[in-house]
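Student: Here you go, my_file_9.cif (mmCIF, C-alpha atoms and all ligand atoms):
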```cif
data_target
loop_
_atom_site.label_atom_id
_atom_site.label_comp_id
_atom_site.auth_asym_id
_atom_site.auth_seq_id
_atom_site.Cartn_x
_atom_site.Cartn_y
_atom_site.Cartn_z
CA MET M 1 -12.37 15.54 12.30
CA PRO M 2 -10.78 13.28 9.62
CA ALA M 3 -7.04 13.67 8.86
CA VAL M 4 -7.73 13.61 5.12
CA SER M 5 -10.81 14.21 3.07
CA LEU M 6 -11.48 14.27 -0.63
CA GLU M 7 -14.68 16.09 -1.50
CA ASN M 8 -16.13 15.39 -4.95
CA VAL M 9 -12.71 15.43 -6.59
CA THR M 10 -12.61 15.24 -10.38
CA LYS M 11 -9.41 15.49 -12.42
CA VAL M 12 -9.61 15.85 -16.19
CA TYR M 13 -6.37 15.88 -18.19
CA GLY M 14 -6.25 17.60 -21.56
CA GLY M 15 -9.97 18.29 -21.70
CA ASP M 16 -11.11 14.67 -22.18
CA THR M 17 -9.19 12.19 -20.01
CA VAL M 18 -11.17 11.79 -16.80
CA ALA M 19 -8.53 10.41 -14.40
CA LEU M 20 -10.70 10.91 -11.28
CA ASP M 21 -14.46 11.10 -11.45
CA ASP M 22 -16.25 12.70 -8.50
CA VAL M 23 -14.28 10.86 -5.79
CA SER M 24 -15.09 11.43 -2.12
CA PHE M 25 -13.76 9.75 1.02
CA GLU M 26 -12.47 10.54 4.49
CA ILE M 27 -9.52 8.97 6.29
CA PRO M 28 -9.22 9.15 10.08
CA GLU M 29 -5.82 9.87 11.62
CA GLY M 30 -3.46 6.91 11.73
CA GLU M 31 -5.30 4.69 9.24
CA PHE M 32 -3.19 2.65 6.78
CA VAL M 33 -5.06 2.76 3.48
CA VAL M 34 -4.18 0.74 0.39
CA LEU M 35 -5.20 1.94 -3.05
CA LEU M 36 -5.93 -0.82 -5.58
CA GLY M 37 -6.78 -0.57 -9.26
CA PRO M 38 -5.61 -1.58 -12.72
CA SER M 39 -3.08 0.39 -14.71
CA GLY M 40 -4.53 3.76 -15.71
CA ALA M 41 -7.31 3.62 -13.07
CA GLY M 42 -6.24 6.91 -11.49
CA LYS M 43 -4.18 5.80 -8.46
CA SER M 44 -1.16 8.03 -9.15
CA THR M 45 -3.47 10.94 -9.90
CA MET M 46 -5.18 10.41 -6.56
CA LEU M 47 -1.81 10.47 -4.75
CA ARG M 48 -0.79 13.57 -6.70
CA VAL M 49 -3.93 15.49 -5.75
CA LEU M 50 -3.37 14.42 -2.15
CA ASN M 51 0.10 15.96 -2.04
CA GLY M 52 -0.91 19.01 -4.06
CA LEU M 53 1.31 18.22 -7.07
CA THR M 54 -1.84 18.10 -9.22
CA GLN M 55 -4.77 20.45 -8.78
CA PRO M 56 -8.22 18.86 -9.05
CA THR M 57 -10.38 20.15 -11.90
CA GLU M 58 -13.27 20.16 -9.45
CA GLY M 59 -13.65 19.43 -5.76
CA GLU M 60 -11.41 19.88 -2.76
CA VAL M 61 -8.71 18.00 -0.86
CA ILE M 62 -8.48 18.79 2.85
CA ILE M 63 -5.64 17.67 5.11
CA ASN M 64 -5.89 18.40 8.81
CA GLU M 65 -8.65 20.92 8.19
CA LYS M 66 -6.62 22.90 5.61
CA PRO M 67 -7.44 22.80 1.90
CA VAL M 68 -4.50 21.61 -0.21
CA ARG M 69 -3.24 24.30 -2.57
CA GLY M 70 0.12 23.45 -4.10
CA GLU M 71 2.76 21.07 -2.79
CA ARG M 72 2.67 20.56 0.98
CA SER M 73 5.75 19.94 3.09
CA GLU M 74 3.66 18.06 5.64
CA VAL M 75 2.95 15.34 3.08
CA GLY M 76 5.78 12.78 2.75
CA MET M 77 6.18 10.74 -0.45
CA VAL M 78 7.73 7.33 -1.07
CA PHE M 79 8.17 6.51 -4.76
CA GLN M 80 8.53 3.30 -6.76
CA MET M 81 11.97 4.53 -7.76
CA HIS M 82 13.59 5.62 -4.52
CA TYR M 83 15.40 8.68 -6.03
CA LEU M 84 18.26 8.46 -3.54
CA ILE M 85 21.59 10.16 -4.10
CA GLU M 86 23.61 7.00 -4.57
CA SER M 87 26.99 8.53 -3.74
CA MET M 88 25.76 9.71 -0.33
CA SER M 89 25.29 7.66 2.83
CA ALA M 90 21.91 6.41 4.03
CA PHE M 91 22.15 9.02 6.82
CA LYS M 92 22.75 11.95 4.42
CA ASN M 93 19.94 10.75 2.17
CA ALA M 94 17.56 10.55 5.14
CA LEU M 95 18.66 14.05 6.18
CA THR M 96 17.53 15.49 2.85
CA GLY M 97 13.98 14.84 4.06
CA GLY M 98 14.44 17.86 6.32
CA LEU M 99 15.22 20.13 3.35
CA SER M 100 11.66 21.24 2.84
CA ARG M 101 11.39 22.37 6.44
CA SER M 102 14.74 23.99 7.04
CA ASN M 103 16.63 26.70 5.24
CA VAL M 104 17.74 25.26 1.90
CA ALA M 105 20.98 27.29 1.77
CA GLN M 106 21.96 26.05 5.23
CA SER M 107 21.18 22.49 4.25
CA LEU M 108 23.30 22.76 1.12
CA LEU M 109 26.14 23.92 3.31
CA THR M 110 25.51 20.73 5.30
CA MET M 111 24.63 22.82 8.34
CA ASN M 112 21.74 20.60 9.29
CA SER M 113 20.31 21.22 12.70
CA GLU M 114 20.95 18.79 15.53
CA GLU M 115 17.22 18.18 15.52
CA ASP M 116 17.31 17.08 11.86
CA LYS M 117 20.30 14.81 12.51
CA ARG M 118 18.53 13.20 15.43
CA ALA M 119 15.37 12.81 13.35
CA ALA M 120 17.38 11.15 10.54
CA LEU M 121 18.93 8.63 12.95
CA GLU M 122 15.57 7.93 14.57
CA ALA M 123 13.98 7.40 11.16
CA LEU M 124 16.77 5.03 10.09
CA ASP M 125 16.26 3.15 13.35
CA THR M 126 12.53 2.88 12.60
CA VAL M 127 13.26 1.22 9.25
CA GLY M 128 15.90 -1.08 10.79
CA LEU M 129 18.92 0.62 9.19
CA LEU M 130 20.62 2.37 12.10
CA ASP M 131 23.70 0.13 11.78
CA GLU M 132 23.87 0.92 8.04
CA ALA M 133 23.55 4.72 8.50
CA GLY M 134 27.08 5.32 7.15
CA GLN M 135 26.71 2.98 4.19
CA ARG M 136 26.69 4.47 0.69
CA ALA M 137 23.14 4.27 -0.70
CA GLY M 138 24.47 3.00 -4.04
CA SER M 139 25.82 -0.13 -2.37
CA MET M 140 22.50 -1.06 -0.75
CA SER M 141 19.93 -3.62 -1.88
CA GLY M 142 16.67 -2.50 -3.51
CA GLY M 143 14.73 -3.14 -0.30
CA GLN M 144 17.24 -1.24 1.83
CA LYS M 145 17.11 1.72 -0.59
CA GLN M 146 13.35 1.79 -0.35
CA ARG M 147 13.63 1.77 3.46
CA VAL M 148 16.01 4.76 3.26
CA GLY M 149 13.35 6.41 1.08
CA ILE M 150 10.81 5.81 3.86
CA ALA M 151 13.24 7.22 6.45
CA ARG M 152 13.72 10.32 4.30
CA ALA M 153 9.94 10.83 4.17
CA LEU M 154 9.70 10.36 7.97
CA VAL M 155 12.38 13.02 8.60
CA GLN M 156 10.02 15.45 6.92
CA GLN M 157 7.73 14.84 9.93
CA PRO M 158 4.71 14.53 7.67
CA ASP M 159 1.07 14.49 8.74
CA LEU M 160 0.35 12.20 5.80
CA LEU M 161 2.56 9.57 4.15
CA LEU M 162 1.88 8.68 0.52
CA ALA M 163 3.52 5.77 -1.27
CA ASP M 164 3.18 5.22 -5.01
CA GLU M 165 3.79 1.54 -5.76
CA PRO M 166 6.62 1.43 -3.21
CA VAL M 167 7.42 -2.27 -3.62
CA SER M 168 6.72 -2.94 -7.31
CA SER M 169 10.37 -3.39 -8.22
CA LEU M 170 11.19 -5.71 -5.30
CA ASP M 171 11.13 -9.49 -4.89
CA PRO M 172 8.29 -10.79 -2.66
CA LYS M 173 10.40 -11.10 0.49
CA ALA M 174 11.98 -7.65 0.21
CA ALA M 175 8.53 -6.23 -0.66
CA LYS M 176 7.04 -7.65 2.53
CA ASP M 177 9.99 -6.39 4.60
CA VAL M 178 9.56 -2.87 3.23
CA MET M 179 5.79 -2.94 3.85
CA ARG M 180 6.34 -4.24 7.39
CA TYR M 181 8.70 -1.35 8.18
CA MET M 182 6.36 1.17 6.60
CA LYS M 183 3.42 -0.16 8.58
CA GLU M 184 5.42 -0.13 11.82
CA ALA M 185 6.64 3.41 11.18
CA ALA M 186 3.07 4.54 10.57
CA LYS M 187 1.81 2.81 13.70
CA GLU M 188 4.63 4.16 15.88
CA ARG M 189 3.91 7.73 14.75
CA ASP M 190 0.13 7.44 14.31
CA LEU M 191 0.83 8.48 10.73
CA THR M 192 -2.02 8.43 8.23
CA THR M 193 -0.79 6.49 5.19
CA VAL M 194 -2.07 5.92 1.66
CA ALA M 195 -0.11 3.43 -0.45
CA SER M 196 -0.93 2.21 -3.95
CA LEU M 197 -0.01 -1.42 -4.48
CA HIS M 198 -0.26 -3.86 -7.35
CA GLN M 199 0.30 -7.01 -5.27
CA VAL M 200 -3.09 -7.96 -3.85
CA ASN M 201 -1.69 -10.46 -1.33
CA ILE M 202 0.67 -7.84 0.13
CA ALA M 203 -2.12 -5.27 0.13
CA ARG M 204 -4.37 -7.64 2.03
CA GLU M 205 -1.68 -8.40 4.60
CA PHE M 206 -0.84 -4.81 5.48
CA GLY M 207 -3.87 -2.62 4.72
CA ASP M 208 -6.40 -1.54 7.37
CA ARG M 209 -8.72 -0.30 4.67
CA PHE M 210 -8.84 -0.63 0.89
CA LEU M 211 -9.97 1.80 -1.78
CA GLY M 212 -10.63 0.27 -5.21
CA VAL M 213 -10.37 2.60 -8.18
CA ARG M 214 -11.44 1.80 -11.71
CA ASP M 215 -11.74 4.20 -14.66
CA GLY M 216 -11.32 7.10 -12.22
CA GLU M 217 -14.23 6.03 -10.03
CA LEU M 218 -14.04 4.85 -6.45
CA ILE M 219 -15.83 1.50 -6.77
CA PHE M 220 -14.83 -0.09 -3.46
CA ASP M 221 -14.17 1.16 0.07
CA GLY M 222 -13.90 -1.47 2.76
CA ASP M 223 -11.80 -3.50 5.16
CA ARG M 224 -9.97 -6.83 4.73
CA GLU M 225 -13.09 -8.91 5.26
CA ASP M 226 -14.96 -6.96 2.61
CA LEU M 227 -12.12 -7.39 0.11
CA THR M 228 -13.29 -10.73 -1.29
CA MET M 229 -11.92 -12.26 -4.48
CA ASP M 230 -15.10 -11.15 -6.27
CA VAL M 231 -14.42 -7.59 -5.21
CA VAL M 232 -10.79 -7.85 -6.36
CA ASP M 233 -11.96 -9.20 -9.75
CA ARG M 234 -14.44 -6.34 -10.08
CA ILE M 235 -11.72 -3.78 -9.32
CA TYR M 236 -9.32 -5.26 -11.89
CA TYR M 237 -11.69 -6.61 -14.55
CA GLY M 238 -14.89 -4.57 -14.18
CA GLU M 239 -18.45 -5.83 -14.06
CA GLU M 240 -17.77 -8.69 -16.50
CA GLY M 241 -15.46 -10.17 -13.87
CA ASN M 242 -12.42 -12.34 -14.33
CA GLU M 243 -13.61 -14.74 -17.02
CA GLU M 244 -10.23 -16.32 -17.56
CA GLY M 245 -10.08 -17.18 -13.85
CA GLN M 246 -6.64 -15.74 -13.27
CA ASN M 247 -5.56 -15.95 -9.66
CA LEU M 248 -5.30 -12.44 -8.28
CA ALA M 249 -4.68 -13.65 -4.74
CA THR M 250 -0.96 -13.64 -5.35
CA THR M 251 -0.48 -11.04 -8.02
CA ALA M 252 -2.38 -8.41 -9.93
CA PRO M 253 -2.38 -8.63 -13.73
CA GLU M 254 0.61 -7.17 -15.57
CA ARG M 255 -1.73 -4.48 -16.78
CA GLY M 256 -5.43 -3.85 -16.41
CA ASP M 257 -7.96 -3.37 -19.13
CA ALA M 258 -8.77 0.24 -18.29
CA ASP M 259 -8.55 2.78 -21.11
CA GLU M 260 -5.26 4.62 -21.17
N1 LIG P 1 -0.09 14.22 -16.95
C1 LIG P 1 -1.05 13.58 -17.61
N2 LIG P 1 -1.55 14.06 -18.78
C2 LIG P 1 -2.53 13.44 -19.44
N3 LIG P 1 -3.11 12.28 -19.02
C3 LIG P 1 -2.65 11.74 -17.89
C4 LIG P 1 -1.61 12.35 -17.12
N4 LIG P 1 -1.37 11.59 -16.02
C5 LIG P 1 -2.22 10.55 -16.10
N5 LIG P 1 -2.99 10.63 -17.20
C6 LIG P 1 -4.06 9.70 -17.62
O1 LIG P 1 -4.98 9.63 -16.53
C7 LIG P 1 -5.43 8.29 -16.33
C8 LIG P 1 -5.07 7.83 -14.92
O2 LIG P 1 -3.64 7.73 -14.84
P1 LIG P 1 -2.88 7.38 -13.48
O3 LIG P 1 -1.41 7.47 -13.77
O4 LIG P 1 -3.42 8.19 -12.39
O5 LIG P 1 -3.30 5.85 -13.28
P2 LIG P 1 -2.66 4.72 -12.34
O6 LIG P 1 -3.81 3.98 -11.76
O7 LIG P 1 -1.70 5.34 -11.41
O8 LIG P 1 -1.89 3.80 -13.38
P3 LIG P 1 -0.52 2.93 -13.15
O9 LIG P 1 -0.88 1.82 -12.20
O10 LIG P 1 -0.23 2.41 -14.53
O11 LIG P 1 0.52 3.86 -12.63
C9 LIG P 1 -4.80 7.47 -17.45
O12 LIG P 1 -5.72 7.41 -18.51
C10 LIG P 1 -3.57 8.27 -17.82
O13 LIG P 1 -3.20 8.03 -19.16
#
```
Take the structure in this file and express it as structure tokens.
Tutor:
Amino acid sequence: MPAVSLENVTKVYGGDTVALDDVSFEIPEGEFVVLLGPSGAGKSTMLRVLNGLTQPTEGEVIINEKPVRGERSEVGMVFQMHYLIESMSAFKNALTGGLSRSNVAQSLLTMNSEEDKRAALEALDTVGLLDEAGQRAGSMSGGQKQRVGIARALVQQPDLLLADEPVSSLDPKAAKDVMRYMKEAAKERDLTTVASLHQVNIAREFGDRFLGVRDGELIFDGDREDLTMDVVDRIYYGEEGNEEGQNLATTAPERGDADE
């Protein structure tokens, strides 16, 4: 039984913008999947239907045998912007990941359970920030903040981890560090992960499997060996290919040529 399946999912916004067009795939438990595609291809929409924030117009999303209807607490999210509370410590920020599971009133009164506190410290350890647990989030580097964001998602004890362009705002070294920690966290917990990335070289380094989306359609589904430069060009430039010969091995284009 797959951990995640999309069955003929179509999402139409406003009656005429087809963001996802009859997309189907299955992801086995523990797989680390990278979503590639130009700007406007439908990557964020795919992540949003996976966590139930957006309802498909047609089709079904199933996570651990249950159809997704509305936002699910067992789906953890890591965002491009980390959305941390900058005045609070890394530890307190990680703890907020437990909010969706525990009683909100209790959490607001900072009566977090011992279990949540232990989970927050374990998650900070997983992302290499145990020694910085007491540090104010606002004083951390961009990469460290993103790692706290990952820890917060882990505290939620999700069945599925989704990351929407988690390293877009980071320099290449920090981006690789963050991806390394995310991959290790996923491996340690056998956590199914779907991350959208714009940096093809980073995607190639960390992904087990790659889904290529273009104009709302799933046009590629394969492993690292299958992800040739021709395939990358087809994902970003379409059937006409990359006529200007830009090198996508190191970076994706600033923006794709998909309709927006
Ligand atoms: N809430 C919305 N209302 C109307 N149209 C939307 C909405 N969200 C996305 N779209 C449209 O759906 C299409 C897919 O957008 P989506 O944000 O999923 O693409 P993306 O691949 O994540 O792009 P990017 O890499 O720029 O974030 C685009 O044409 C976009 O303009």
Student: Between M:Ala94, M:Val78, M:Leu20, M:Leu6, which has the minimum distance to Val61 of chain M (counting only C-alpha atoms)?
Tutor: M:Leu6
Student: List every protein, DNA or RNA residue with an atom no more than 12 Å from (4.8, 3.4, -6.4) in the file's coordinates, counting only C-alpha atoms, and format the result as a ChimeraX atom specification.
Tutor: /M:34-36,39,43-45,47-48,77-83,146,149,162-170,175,194-199
Student: Contacts of Val9 of chain M at 9 Å or less, counting all atoms listed in the file, minus same-chain residues fewer than 5 places along, as an MDAnalysis selection string?
Tutor: chainID M and resid 20:24 49 56:61
Student: How big is the axis-aligned box around all listed atoms of segment 35-51 of chain M once 8 Å goes on each side, and where's its centre, in Å to one decimal, as lines of an AutoDock Vina configuration file?
Tutor:
```
center_x = -3.6
center_y = 7.2
center_z = -8.9
size_x = 23.4
size_y = 33.5
size_z = 29.7
```
Student: Could you make a table, as CSV, of the residues of chain M that have an atom within 8 Å of an atom of ligand LIG 1 (chain P), each with its nearest atom pair and distance in Å to one decimal, counting all atoms listed in the file, in chain and number order?
Tutor:
```
residue,atom,partner,partner_atom,distance
M:Val12,CA,P:LIG1,O1,7.8
M:Tyr13,CA,P:LIG1,C2,4.7
M:Gly14,CA,P:LIG1,C2,6.0
M:Thr17,CA,P:LIG1,O1,6.0
M:Val18,CA,P:LIG1,O1,6.6
M:Ala19,CA,P:LIG1,O1,4.2
M:Leu20,CA,P:LIG1,C8,7.4
M:Gly37,CA,P:LIG1,O6,6.0
M:Pro38,CA,P:LIG1,O9,5.8
M:Ser39,CA,P:LIG1,O10,3.5
M:Gly40,CA,P:LIG1,O5,3.4
M:Ala41,CA,P:LIG1,O6,3.8
M:Gly42,CA,P:LIG1,O4,3.2
M:Lys43,CA,P:LIG1,O6,3.8
M:Ser44,CA,P:LIG1,O7,3.6
M:Thr45,CA,P:LIG1,O4,3.7
M:Met46,CA,P:LIG1,O4,6.5
M:Glu165,CA,P:LIG1,O11,8.0
M:His198,CA,P:LIG1,O9,7.5
M:Val213,CA,P:LIG1,O6,7.6
M:Arg214,CA,P:LIG1,O6,7.9
M:Asp215,CA,P:LIG1,C8,7.6
M:Gly216,CA,P:LIG1,C8,6.8
M:Arg255,CA,P:LIG1,O10,7.4
M:Ala258,CA,P:LIG1,O12,7.8
M:Asp259,CA,P:LIG1,O12,6.0
M:Glu260,CA,P:LIG1,O12,3.9
```
Student: Can you work out the spacing between atom CA of Ala153 of chain M and atom CA of Gly76 of chain M in Å, to one decimal?
Tutor: 4.8 Å
Student: State, in Å with one decimal place, the distance from atom CA of Leu211 of chain M to atom CA of Glu31 of chain M.
Tutor: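 Result for atom CA of Leu211 of chain M versus atom CA of Glu31 of chain M: 12.3 Å, one decimal.
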Student: From the set M:Ser87, M:Ser5, M:Thr126, M:Gln156, which residue has the shortest atom-to-atom contact distance to Lys187 of chain M, counting only C-alpha atoms?
Tutor: M:Thr126
Student: Would you kindly identify which residues have an atom no farther than 9 Å from (0.3, 19.5, 6.1), using all atoms listed in the file and the file's own coordinates, and write them out as a PyMOL selection string?
Tutor: chain M and resi 51+63-64+66+68+72-75+158-160
Student: Can you work out which one of M:Ala3, M:Ile62, M:Val155, M:Leu227 has the shortest atom-to-atom distance to Lys92 of chain M, counting all atoms listed in the file?
Tutor: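 With all atoms listed in the file as the atom set, the closest residue is M:Val155.
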